[in-house]
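Peer 1: The structure that follows is given in the form of structure tokens.
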Amino acid sequence: MTNNANENAIESENASSRRRVAVLGGGISGLAAAWRLSKIAPELDVVLWEKTGRVGGVIGSKQIDGFHLEASVDNFITTVPWALDLCKELGFEQELTSTNNRYRRTFVVRKRRLYPLPDGFMTMAPTKLYPMATTPLLSLFGKLRCALELILPRRRSQEEESIAAFVTRRLGREAFERLVEPLVGGIYGGDASRLSLQATLPRFAEMERKDRSLIWSMKKSQKKAKKVKREEESGARYSFFLTLSSGMESLPRRLAERLESENRARVELNREAVKLEKASDANGANGDGGWLLTDSTGKTERFDAVLCATPSDAAGSLFRSVAPITSEVCAGTERTGTAIVHLAFRNEQVKRPVAGMGFVVPPSEGNGLLAGSFSSFKYPSRAPEGTTLLRIFVGGARSPDSLTIPESELLDRVLAETRALLGVEGEPLMSDVARFPNAMPQYYLGRLDAIRRLREELDATPTLALAGNALEGVGLPACVKSGNDAAEKIAADLGISAN
């Protein structure tokens, strides 16, 4: 990978007949886009610019005193194929690691105690009735209100609805505050009263539209899933979540290495695009002059197509003169930040251990924590034997000051809450803090219309595409899909069919 664009001058477009495509951003969306583009259109000259000195964006892995830490993403979901398929393409089959099924439980904090999430509760609807009837997380009234969901009529309006309004309407206020709100907070880090259901979790709106009751719909889906599982032929079986034994950072690293070693694309680090404009000549793709990109050093290059996979604020700035609606949507995307605090202890220091994957925290607890993960239970290889590794999430819309207060103050705050929850004694063997300001786009009400207008403008703007987590999904698989889709748009705009 080229660390300084000026060290290796790029061959002039006049010296090559190959059409040139710029991919902006070396996070997983941009890397996936470059990979997909190189597969469906190997005749293109693809160049990826990354403004920092490394690829991967927020994805980062490191080792400290025998503990394996993941700075942000520590796994990916397998119910959608995009991340898993990419890992297979890159030869990661032997490194795919499933979560430990012995510790599948998730806990919910209530009054500084950890209670198991009712078995079968999936984000915002139960698949089993008995665990809901016996959980100590809900009062008798709360349980009866949940049961009422079975007979409630469906909503007729097709307007966007917030997650808070939807869940309160279907399951009641108590179920929302004690079960759904902490789960959603752990995923999005946003304000559930503003998050759009249709933009974040549209399948639940579809359940109500199609089956009326979420409970009946979930039970029907579970029955169908069990039937499909019984009918499956023998072969590889993967758990709900997977990680890579070498660390999640190995995914973007291998992508970048393969792109360059196989001459699929050039990856240029420490190169930031600061200006994008239409070229004036008439010799480019599709009868126009293509695009002019200027980097932070003032160097300008022409490309036949540009695929932008930068954070939304940077994309908004770049698109200002060439795609004003897209620029407005990107610049107007509200974002929150999060901090991830790792703490390690000897097992005997944890006086109230719980065997599970992790826990979520309702806002009503008032401690600023979003969620926590028991990494040493989830993936035992992440910690030395006899130790407990915790991964605590703070910040989001709930506690924005977590991104700005001194690191020592943040550690003290998290450690105090950890002691209260788990009875931890003494000082941690190891601690680490990773902070990501403004890294989480929020799909607030009005998002669907904004994305529709953005898509319409980009569809009408040949050889320009956008990818990233600000579009239609915040997880790793959604980012990979976003990159794939943007690559296919660029190929189609250049007259290349994606087989």
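Every chain in the structure tokens has a letter given in the order shown (A, B, ...), and although residue numbers restart at 1 in each chain, ligands are simply numbered from 1 in the order shown.
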I'd like the contact shell of Met357 in chain A - 9 Å cut-off, only C-alpha atoms, skipping same-chain residues fewer than 5 positions apart - returned as an NGL selection string.
Peer 2: :A and (99-100 or 103-107 or 372-378)
Peer 1: The selected residues should be written to file as a PDB file, in the first residue's frame (atoms: N, CA and C atoms).
Peer 2:
```pdb
ATOM      1  N   THR A  99     -19.857 -18.166  18.493  1.00  0.00           N
ATOM      2  CA  THR A  99     -20.005 -17.856  19.907  1.00  0.00           C
ATOM      3  C   THR A  99     -20.174 -19.150  20.701  1.00  0.00           C
ATOM      4  N   ASN A 100     -19.800 -19.116  21.960  1.00  0.00           N
ATOM      5  CA  ASN A 100     -19.886 -20.283  22.825  1.00  0.00           C
ATOM      6  C   ASN A 100     -21.348 -20.517  23.214  1.00  0.00           C
ATOM      7  N   TYR A 103     -23.102 -20.197  26.727  1.00  0.00           N
ATOM      8  CA  TYR A 103     -23.389 -18.911  27.377  1.00  0.00           C
ATOM      9  C   TYR A 103     -24.256 -18.033  26.476  1.00  0.00           C
ATOM     10  N   ARG A 104     -25.351 -18.565  26.005  1.00  0.00           N
ATOM     11  CA  ARG A 104     -26.171 -17.849  25.034  1.00  0.00           C
ATOM     12  C   ARG A 104     -27.052 -16.780  25.672  1.00  0.00           C
ATOM     13  N   ARG A 105     -27.145 -16.739  26.970  1.00  0.00           N
ATOM     14  CA  ARG A 105     -28.096 -15.826  27.609  1.00  0.00           C
ATOM     15  C   ARG A 105     -27.626 -14.374  27.571  1.00  0.00           C
ATOM     16  N   THR A 106     -28.604 -13.487  27.467  1.00  0.00           N
ATOM     17  CA  THR A 106     -28.382 -12.049  27.588  1.00  0.00           C
ATOM     18  C   THR A 106     -29.129 -11.562  28.827  1.00  0.00           C
ATOM     19  N   PHE A 107     -28.549 -10.580  29.502  1.00  0.00           N
ATOM     20  CA  PHE A 107     -29.151 -10.072  30.734  1.00  0.00           C
ATOM     21  C   PHE A 107     -29.584  -8.617  30.559  1.00  0.00           C
ATOM     22  N   GLY A 372     -23.011  -4.238  27.823  1.00  0.00           N
ATOM     23  CA  GLY A 372     -21.735  -4.856  28.148  1.00  0.00           C
ATOM     24  C   GLY A 372     -21.662  -6.246  27.565  1.00  0.00           C
ATOM     25  N   SER A 373     -20.462  -6.701  27.284  1.00  0.00           N
ATOM     26  CA  SER A 373     -20.251  -8.020  26.713  1.00  0.00           C
ATOM     27  C   SER A 373     -19.238  -8.772  27.558  1.00  0.00           C
ATOM     28  N   PHE A 374     -19.545 -10.053  27.860  1.00  0.00           N
ATOM     29  CA  PHE A 374     -18.604 -10.906  28.572  1.00  0.00           C
ATOM     30  C   PHE A 374     -17.740 -11.612  27.526  1.00  0.00           C
ATOM     31  N   SER A 375     -16.707 -10.917  27.079  1.00  0.00           N
ATOM     32  CA  SER A 375     -15.909 -11.431  25.959  1.00  0.00           C
ATOM     33  C   SER A 375     -15.273 -12.777  26.261  1.00  0.00           C
ATOM     34  N   SER A 376     -14.866 -12.999  27.510  1.00  0.00           N
ATOM     35  CA  SER A 376     -14.206 -14.255  27.861  1.00  0.00           C
ATOM     36  C   SER A 376     -15.175 -15.428  27.896  1.00  0.00           C
ATOM     37  N   PHE A 377     -16.484 -15.183  28.018  1.00  0.00           N
ATOM     38  CA  PHE A 377     -17.492 -16.228  27.882  1.00  0.00           C
ATOM     39  C   PHE A 377     -17.889 -16.397  26.411  1.00  0.00           C
ATOM     40  N   LYS A 378     -18.039 -15.276  25.761  1.00  0.00           N
ATOM     41  CA  LYS A 378     -18.508 -15.261  24.371  1.00  0.00           C
ATOM     42  C   LYS A 378     -17.524 -15.977  23.443  1.00  0.00           C
TER      43      LYS A 378
END
```
Peer 1: Find the residues near Leu179 in chain A: any atom within 10 Å, counting only C-alpha atoms, skip ones fewer than 4 places away on the same chain, and give them as a count of residues only.
Peer 2: 20
Peer 1: Pull the strand (DSSP E or B) assignments for range 164-258 of chain A out of DSSP run on the backbone, and list those residues as a ChimeraX atom specification.
Peer 2: /A:195-196,241-244
Peer 1: Mind checking which residues fall within 10 Å of Leu454 in chain A, counting only C-alpha atoms, ignoring those fewer than 6 positions away in the same chain, and posting them as a PyMOL selection string?
Peer 2: chain A and resi 323-330+448+466+471
Peer 1: How would the residues just picked look written out with C-alpha atoms as a compact mmCIF listing (two decimals), in the first residue's frame?
Peer 2:
```
# COMPACT_ATOMS: atom_id res chain seq x y z
CA ALA A 323 -25.28 16.24 -6.08
CA PRO A 324 -26.91 18.84 -3.82
CA ILE A 325 -29.73 16.64 -2.52
CA THR A 326 -27.30 13.87 -1.60
CA SER A 327 -25.06 16.46 0.02
CA GLU A 328 -27.96 17.81 2.07
CA VAL A 329 -29.03 14.35 3.25
CA CYS A 330 -25.48 13.32 4.17
CA LEU A 448 -36.97 6.94 4.53
CA LEU A 466 -22.39 6.30 -2.45
CA LEU A 471 -27.61 4.58 4.11
```
Peer 1: Find the residues around range 48-60 of chain A up to 9 Å (only C-alpha atoms counted), leave out those fewer than 6 positions away in its own chain, and share them as a PyMOL selection string.
Peer 2: chain A and resi 3+21-28+30-31+34+69-74+247-253+256+265-273+310+436+439
Peer 1: Could you take the residues named above and write them with C-alpha atoms, as a short mmCIF file (atom, residue, chain, number, x, y, z; two decimals), in the first residue's frame?
Peer 2:
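Output contents, as saved in result15.cif:
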```cif
data_model
loop_
_atom_site.label_atom_id
_atom_site.label_comp_id
_atom_site.auth_asym_id
_atom_site.auth_seq_id
_atom_site.Cartn_x
_atom_site.Cartn_y
_atom_site.Cartn_z
CA ASN A 3 1.69 5.60 2.20
CA VAL A 21 -12.57 4.57 -10.94
CA ALA A 22 -11.86 6.25 -7.61
CA VAL A 23 -13.11 4.64 -4.41
CA LEU A 24 -13.00 7.10 -1.51
CA GLY A 25 -12.68 5.66 1.98
CA GLY A 26 -10.79 2.61 3.23
CA GLY A 27 -13.34 1.37 5.73
CA ILE A 28 -15.14 -1.92 5.16
CA GLY A 30 -15.04 1.14 0.52
CA LEU A 31 -12.88 -1.98 0.58
CA ALA A 34 -13.34 -2.02 -4.54
CA LEU A 69 -9.42 -6.62 22.29
CA GLU A 70 -11.75 -5.50 19.52
CA ALA A 71 -11.99 -1.72 19.35
CA SER A 72 -15.42 -1.68 17.71
CA VAL A 73 -16.96 -4.54 15.71
CA ASP A 74 -16.27 -7.88 17.42
CA GLY A 247 -9.35 -10.60 14.97
CA MET A 248 -11.86 -8.59 12.96
CA GLU A 249 -9.14 -6.22 11.73
CA SER A 250 -7.75 -9.06 9.64
CA LEU A 251 -10.78 -8.73 7.33
CA PRO A 252 -10.03 -5.20 6.03
CA ARG A 253 -6.30 -5.94 6.07
CA ALA A 256 -6.43 -4.43 1.04
CA ALA A 265 -6.82 -2.03 -7.20
CA ARG A 266 -4.29 0.39 -5.76
CA VAL A 267 -4.75 1.38 -2.13
CA GLU A 268 -3.29 4.80 -1.38
CA LEU A 269 -3.07 5.72 2.30
CA ASN A 270 -2.81 9.23 3.72
CA ARG A 271 -4.74 10.59 0.77
CA GLU A 272 -7.91 12.56 1.39
CA ALA A 273 -10.32 13.84 -1.23
CA THR A 310 -16.47 8.12 3.44
CA PHE A 436 -15.45 6.92 18.26
CA ALA A 439 -19.42 7.26 14.26
#
```
Peer 1: Name all residues at most 8 Å from range 384-401 of chain A (count only C-alpha atoms; drop same-chain ones fewer than 5 positions away) and give them as JSON, numbers by chain.
Peer 2: {"A": [66, 67, 186, 188, 189, 190, 191, 336, 337, 338, 339, 340, 341, 342, 343, 344, 345, 346, 347, 363, 368, 369, 370, 371, 372, 373, 374, 375, 376, 377, 414]}
Peer 1: One decimal, in Å: what's the spacing between CA of Arg19 in chain A and CA of Thr463 in chain A?
Peer 2: 11.4 Å
Peer 1: May I have the residues within 12 Å of range 203-208 of chain A as a compact mmCIF listing (two decimals) with N, CA and C atoms, in the first residue's frame, using only C-alpha atoms and disregarding those fewer than 5 positions away in the same chain?
Peer 2:
```txt
# COMPACT_ATOMS: atom_id res chain seq x y z
N MET A 122 -36.89 -11.58 20.94
CA MET A 122 -36.06 -11.19 19.81
C MET A 122 -36.23 -9.71 19.50
N THR A 123 -35.40 -8.87 20.03
CA THR A 123 -35.33 -7.43 19.80
C THR A 123 -36.55 -6.68 20.30
N MET A 124 -37.74 -7.03 19.76
CA MET A 124 -38.94 -6.33 20.23
C MET A 124 -40.19 -7.20 20.19
N ALA A 125 -40.00 -8.51 20.21
CA ALA A 125 -41.17 -9.39 20.25
C ALA A 125 -40.76 -10.75 20.79
N PRO A 126 -41.65 -11.39 21.57
CA PRO A 126 -41.34 -12.71 22.12
C PRO A 126 -41.70 -13.83 21.15
N GLU A 149 -51.35 -7.93 23.20
CA GLU A 149 -50.86 -7.79 21.83
C GLU A 149 -51.45 -8.83 20.90
N LEU A 150 -51.80 -9.99 21.47
CA LEU A 150 -52.35 -11.07 20.67
C LEU A 150 -53.68 -10.71 19.99
N ILE A 151 -54.41 -9.78 20.57
CA ILE A 151 -55.74 -9.46 20.02
C ILE A 151 -55.85 -8.03 19.50
N LEU A 152 -54.79 -7.24 19.63
CA LEU A 152 -54.85 -5.86 19.15
C LEU A 152 -54.98 -5.81 17.63
N PRO A 153 -55.73 -4.85 17.10
CA PRO A 153 -55.82 -4.71 15.64
C PRO A 153 -54.52 -4.15 15.08
N ARG A 154 -54.31 -4.36 13.80
CA ARG A 154 -53.13 -3.80 13.14
C ARG A 154 -53.32 -2.31 12.88
N ARG A 155 -52.24 -1.60 12.76
CA ARG A 155 -52.25 -0.18 12.44
C ARG A 155 -52.52 -0.01 10.95
N ARG A 156 -53.41 0.89 10.61
CA ARG A 156 -53.78 1.09 9.20
C ARG A 156 -52.89 2.10 8.50
N SER A 157 -52.40 3.08 9.25
CA SER A 157 -51.59 4.12 8.63
C SER A 157 -50.26 3.56 8.14
N GLN A 158 -49.80 4.08 7.01
CA GLN A 158 -48.51 3.67 6.44
C GLN A 158 -47.41 4.69 6.74
N GLU A 159 -47.70 5.69 7.55
CA GLU A 159 -46.70 6.70 7.88
C GLU A 159 -45.61 6.11 8.77
N GLU A 160 -44.42 6.71 8.69
CA GLU A 160 -43.32 6.29 9.56
C GLU A 160 -43.73 6.41 11.02
N GLU A 161 -43.22 5.50 11.82
CA GLU A 161 -43.53 5.48 13.26
C GLU A 161 -42.23 5.25 14.02
N SER A 162 -42.09 5.88 15.16
CA SER A 162 -40.88 5.67 15.95
C SER A 162 -40.92 4.29 16.60
N ILE A 163 -39.75 3.79 16.94
CA ILE A 163 -39.68 2.50 17.64
C ILE A 163 -40.44 2.58 18.95
N ALA A 165 -42.99 4.51 19.81
CA ALA A 165 -44.44 4.54 19.60
C ALA A 165 -44.96 3.16 19.19
N PHE A 166 -44.22 2.48 18.32
CA PHE A 166 -44.66 1.17 17.83
C PHE A 166 -44.71 0.16 18.97
N VAL A 167 -43.63 0.04 19.74
CA VAL A 167 -43.57 -0.97 20.79
C VAL A 167 -44.55 -0.65 21.91
N ARG A 169 -47.33 0.90 21.61
CA ARG A 169 -48.68 0.60 21.08
C ARG A 169 -48.96 -0.90 21.08
N ARG A 170 -47.96 -1.70 20.72
CA ARG A 170 -48.19 -3.14 20.62
C ARG A 170 -48.01 -3.86 21.96
N SER A 196 -36.66 5.76 13.53
CA SER A 196 -37.73 5.28 12.66
C SER A 196 -37.75 3.76 12.64
N LEU A 197 -38.89 3.17 12.96
CA LEU A 197 -39.03 1.72 12.90
C LEU A 197 -38.81 1.23 11.47
N GLN A 198 -39.43 1.92 10.50
CA GLN A 198 -39.35 1.48 9.11
C GLN A 198 -37.94 1.58 8.55
N SER A 213 -50.52 -9.68 14.62
CA SER A 213 -49.86 -9.82 15.92
C SER A 213 -48.39 -10.16 15.75
N LEU A 214 -47.54 -9.43 16.45
CA LEU A 214 -46.11 -9.73 16.43
C LEU A 214 -45.82 -11.10 17.05
N ILE A 215 -46.53 -11.41 18.12
CA ILE A 215 -46.30 -12.68 18.81
C ILE A 215 -46.62 -13.86 17.90
N TRP A 216 -47.79 -13.82 17.25
CA TRP A 216 -48.14 -14.91 16.33
C TRP A 216 -47.18 -14.96 15.15
N SER A 217 -46.79 -13.81 14.67
CA SER A 217 -45.88 -13.77 13.52
C SER A 217 -44.53 -14.37 13.88
N MET A 218 -44.02 -14.04 15.08
CA MET A 218 -42.73 -14.57 15.50
C MET A 218 -42.81 -16.09 15.70
N LYS A 219 -43.90 -16.57 16.29
CA LYS A 219 -44.05 -18.01 16.49
C LYS A 219 -44.14 -18.73 15.15
N LYS A 220 -44.83 -18.14 14.19
CA LYS A 220 -44.93 -18.74 12.86
C LYS A 220 -43.56 -18.79 12.18
N SER A 221 -42.80 -17.71 12.34
CA SER A 221 -41.46 -17.66 11.73
C SER A 221 -40.54 -18.69 12.36
```
Peer 1: What does the distance from CA of Leu96 in chain A to CA of Leu242 in chain A come to in Å, to one decimal?
Peer 2: 6.2 Å
Peer 1: Using DSSP on the backbone, list every residue of range 294-498 of chain A that comes out as alpha helix (DSSP H), and give them as a count of residues only.
Peer 2: 66
Peer 1: Can you tell me which residues surround Ala486 in chain A at a distance of at most 12 Å, considering only C-alpha atoms, apart from same-chain residues fewer than 2 positions away, and format the answer as a JSON list (two decimals) with N, CA and C atoms, in the first residue's frame?
Peer 2:
```
[["chain", "number", "residue", "atom", "x", "y", "z"],
["A", 23, "VAL", "N", -12.33, 5.03, -5.58],
["A", 23, "VAL", "CA", -13.11, 4.64, -4.41],
["A", 23, "VAL", "C", -12.57, 5.44, -3.23],
["A", 24, "LEU", "N", -13.43, 6.21, -2.60],
["A", 24, "LEU", "CA", -13.00, 7.10, -1.51],
["A", 24, "LEU", "C", -13.40, 6.51, -0.17],
["A", 29, "SER", "N", -16.83, -0.60, 3.95],
["A", 29, "SER", "CA", -17.70, -0.32, 2.80],
["A", 29, "SER", "C", -16.88, -0.05, 1.55],
["A", 30, "GLY", "N", -15.87, 0.81, 1.66],
["A", 30, "GLY", "CA", -15.04, 1.14, 0.52],
["A", 30, "GLY", "C", -14.23, -0.04, 0.03],
["A", 31, "LEU", "N", -13.66, -0.81, 0.96],
["A", 31, "LEU", "CA", -12.88, -1.98, 0.58],
["A", 31, "LEU", "C", -13.75, -3.03, -0.11],
["A", 32, "ALA", "N", -14.94, -3.26, 0.44],
["A", 32, "ALA", "CA", -15.86, -4.22, -0.18],
["A", 32, "ALA", "C", -16.27, -3.75, -1.57],
["A", 33, "ALA", "N", -16.47, -2.44, -1.72],
["A", 33, "ALA", "CA", -16.83, -1.89, -3.03],
["A", 33, "ALA", "C", -15.71, -2.11, -4.04],
["A", 34, "ALA", "N", -14.48, -1.83, -3.63],
["A", 34, "ALA", "CA", -13.34, -2.02, -4.54],
["A", 34, "ALA", "C", -13.18, -3.49, -4.91],
["A", 35, "TRP", "N", -13.38, -4.38, -3.94],
["A", 35, "TRP", "CA", -13.27, -5.81, -4.20],
["A", 35, "TRP", "C", -14.34, -6.26, -5.20],
["A", 36, "ARG", "N", -15.57, -5.86, -4.95],
["A", 36, "ARG", "CA", -16.68, -6.25, -5.84],
["A", 36, "ARG", "C", -16.47, -5.68, -7.23],
["A", 37, "LEU", "N", -16.03, -4.43, -7.31],
["A", 37, "LEU", "CA", -15.81, -3.80, -8.61],
["A", 37, "LEU", "C", -14.70, -4.52, -9.38],
["A", 305, "ALA", "N", -15.29, 7.47, -13.05],
["A", 305, "ALA", "CA", -16.36, 7.25, -12.08],
["A", 305, "ALA", "C", -15.81, 7.43, -10.68],
["A", 306, "VAL", "N", -16.68, 7.80, -9.76],
["A", 306, "VAL", "CA", -16.29, 8.00, -8.36],
["A", 306, "VAL", "C", -17.30, 7.29, -7.47],
["A", 307, "LEU", "N", -16.79, 6.48, -6.55],
["A", 307, "LEU", "CA", -17.60, 5.78, -5.56],
["A", 307, "LEU", "C", -17.15, 6.27, -4.19],
["A", 308, "CYS", "N", -18.04, 6.94, -3.49],
["A", 308, "CYS", "CA", -17.71, 7.55, -2.21],
["A", 308, "CYS", "C", -18.19, 6.68, -1.05],
["A", 309, "ALA", "N", -17.26, 6.27, -0.19],
["A", 309, "ALA", "CA", -17.58, 5.46, 0.98],
["A", 309, "ALA", "C", -16.98, 6.08, 2.23],
["A", 455, "ARG", "N", -31.47, 8.54, -3.30],
["A", 455, "ARG", "CA", -31.38, 7.50, -4.32],
["A", 455, "ARG", "C", -31.81, 8.00, -5.69],
["A", 458, "LEU", "N", -28.98, 10.13, -7.15],
["A", 458, "LEU", "CA", -27.82, 9.35, -7.58],
["A", 458, "LEU", "C", -28.15, 8.46, -8.76],
["A", 459, "ASP", "N", -29.37, 7.92, -8.81],
["A", 459, "ASP", "CA", -29.78, 7.11, -9.97],
["A", 459, "ASP", "C", -29.75, 7.94, -11.25],
["A", 462, "PRO", "N", -25.11, 9.50, -13.51],
["A", 462, "PRO", "CA", -24.26, 8.37, -13.89],
["A", 462, "PRO", "C", -22.84, 8.50, -13.36],
["A", 463, "THR", "N", -22.22, 7.37, -13.10],
["A", 463, "THR", "CA", -20.82, 7.21, -12.69],
["A", 463, "THR", "C", -20.52, 7.85, -11.34],
["A", 464, "LEU", "N", -21.54, 8.06, -10.52],
["A", 464, "LEU", "CA", -21.35, 8.56, -9.16],
["A", 464, "LEU", "C", -22.15, 7.67, -8.22],
["A", 465, "ALA", "N", -21.52, 7.17, -7.16],
["A", 465, "ALA", "CA", -22.21, 6.27, -6.24],
["A", 465, "ALA", "C", -21.78, 6.55, -4.81],
["A", 466, "LEU", "N", -22.62, 6.07, -3.88],
["A", 466, "LEU", "CA", -22.39, 6.30, -2.45],
["A", 466, "LEU", "C", -22.56, 5.00, -1.71],
["A", 467, "ALA", "N", -21.70, 4.75, -0.73],
["A", 467, "ALA", "CA", -21.80, 3.57, 0.11],
["A", 467, "ALA", "C", -21.49, 3.97, 1.54],
["A", 468, "GLY", "N", -21.89, 3.10, 2.49],
["A", 468, "GLY", "CA", -21.56, 3.38, 3.89],
["A", 468, "GLY", "C", -22.70, 3.11, 4.83],
["A", 471, "LEU", "N", -26.55, 4.80, 5.07],
["A", 471, "LEU", "CA", -27.61, 4.58, 4.11],
["A", 471, "LEU", "C", -28.73, 3.70, 4.68],
["A", 479, "CYS", "N", -22.87, -2.92, 5.67],
["A", 479, "CYS", "CA", -21.82, -2.10, 5.04],
["A", 479, "CYS", "C", -21.24, -2.81, 3.83],
["A", 480, "VAL", "N", -21.03, -4.12, 3.94],
["A", 480, "VAL", "CA", -20.53, -4.89, 2.79],
["A", 480, "VAL", "C", -21.53, -4.84, 1.64],
["A", 481, "LYS", "N", -22.81, -5.03, 1.95],
["A", 481, "LYS", "CA", -23.83, -4.96, 0.92],
["A", 481, "LYS", "C", -23.88, -3.59, 0.28],
["A", 482, "SER", "N", -23.73, -2.54, 1.09],
["A", 482, "SER", "CA", -23.74, -1.18, 0.57],
["A", 482, "SER", "C", -22.61, -1.00, -0.43],
["A", 483, "GLY", "N", -21.42, -1.50, -0.10],
["A", 483, "GLY", "CA", -20.30, -1.42, -1.02],
["A", 483, "GLY", "C", -20.54, -2.20, -2.29],
["A", 484, "ASN", "N", -21.11, -3.41, -2.15],
["A", 484, "ASN", "CA", -21.43, -4.22, -3.33],
["A", 484, "ASN", "C", -22.40, -3.50, -4.25],
["A", 488, "GLU", "N", -21.82, -2.18, -8.15],
["A", 488, "GLU", "CA", -22.64, -2.64, -9.27],
["A", 488, "GLU", "C", -23.27, -1.46, -10.01],
["A", 489, "LYS", "N", -23.61, -0.39, -9.28],
["A", 489, "LYS", "CA", -24.13, 0.80, -9.95],
["A", 489, "LYS", "C", -23.05, 1.41, -10.85],
["A", 490, "ILE", "N", -21.84, 1.53, -10.33],
["A", 490, "ILE", "CA", -20.75, 2.11, -11.14],
["A", 490, "ILE", "C", -20.52, 1.26, -12.37],
["A", 491, "ALA", "N", -20.48, -0.06, -12.21],
["A", 491, "ALA", "CA", -20.24, -0.93, -13.36],
["A", 491, "ALA", "C", -21.35, -0.76, -14.40],
["A", 492, "ALA", "N", -22.60, -0.73, -13.93],
["A", 492, "ALA", "CA", -23.72, -0.57, -14.85],
["A", 492, "ALA", "C", -23.66, 0.78, -15.57],
["A", 493, "ASP", "N", -23.30, 1.82, -14.85],
["A", 493, "ASP", "CA", -23.19, 3.16, -15.45],
["A", 493, "ASP", "C", -22.09, 3.19, -16.52],
["A", 498, "ALA", "N", -22.95, -6.92, -14.40],
["A", 498, "ALA", "CA", -22.53, -7.68, -13.22],
["A", 498, "ALA", "C", -23.14, -9.07, -13.30]]
```
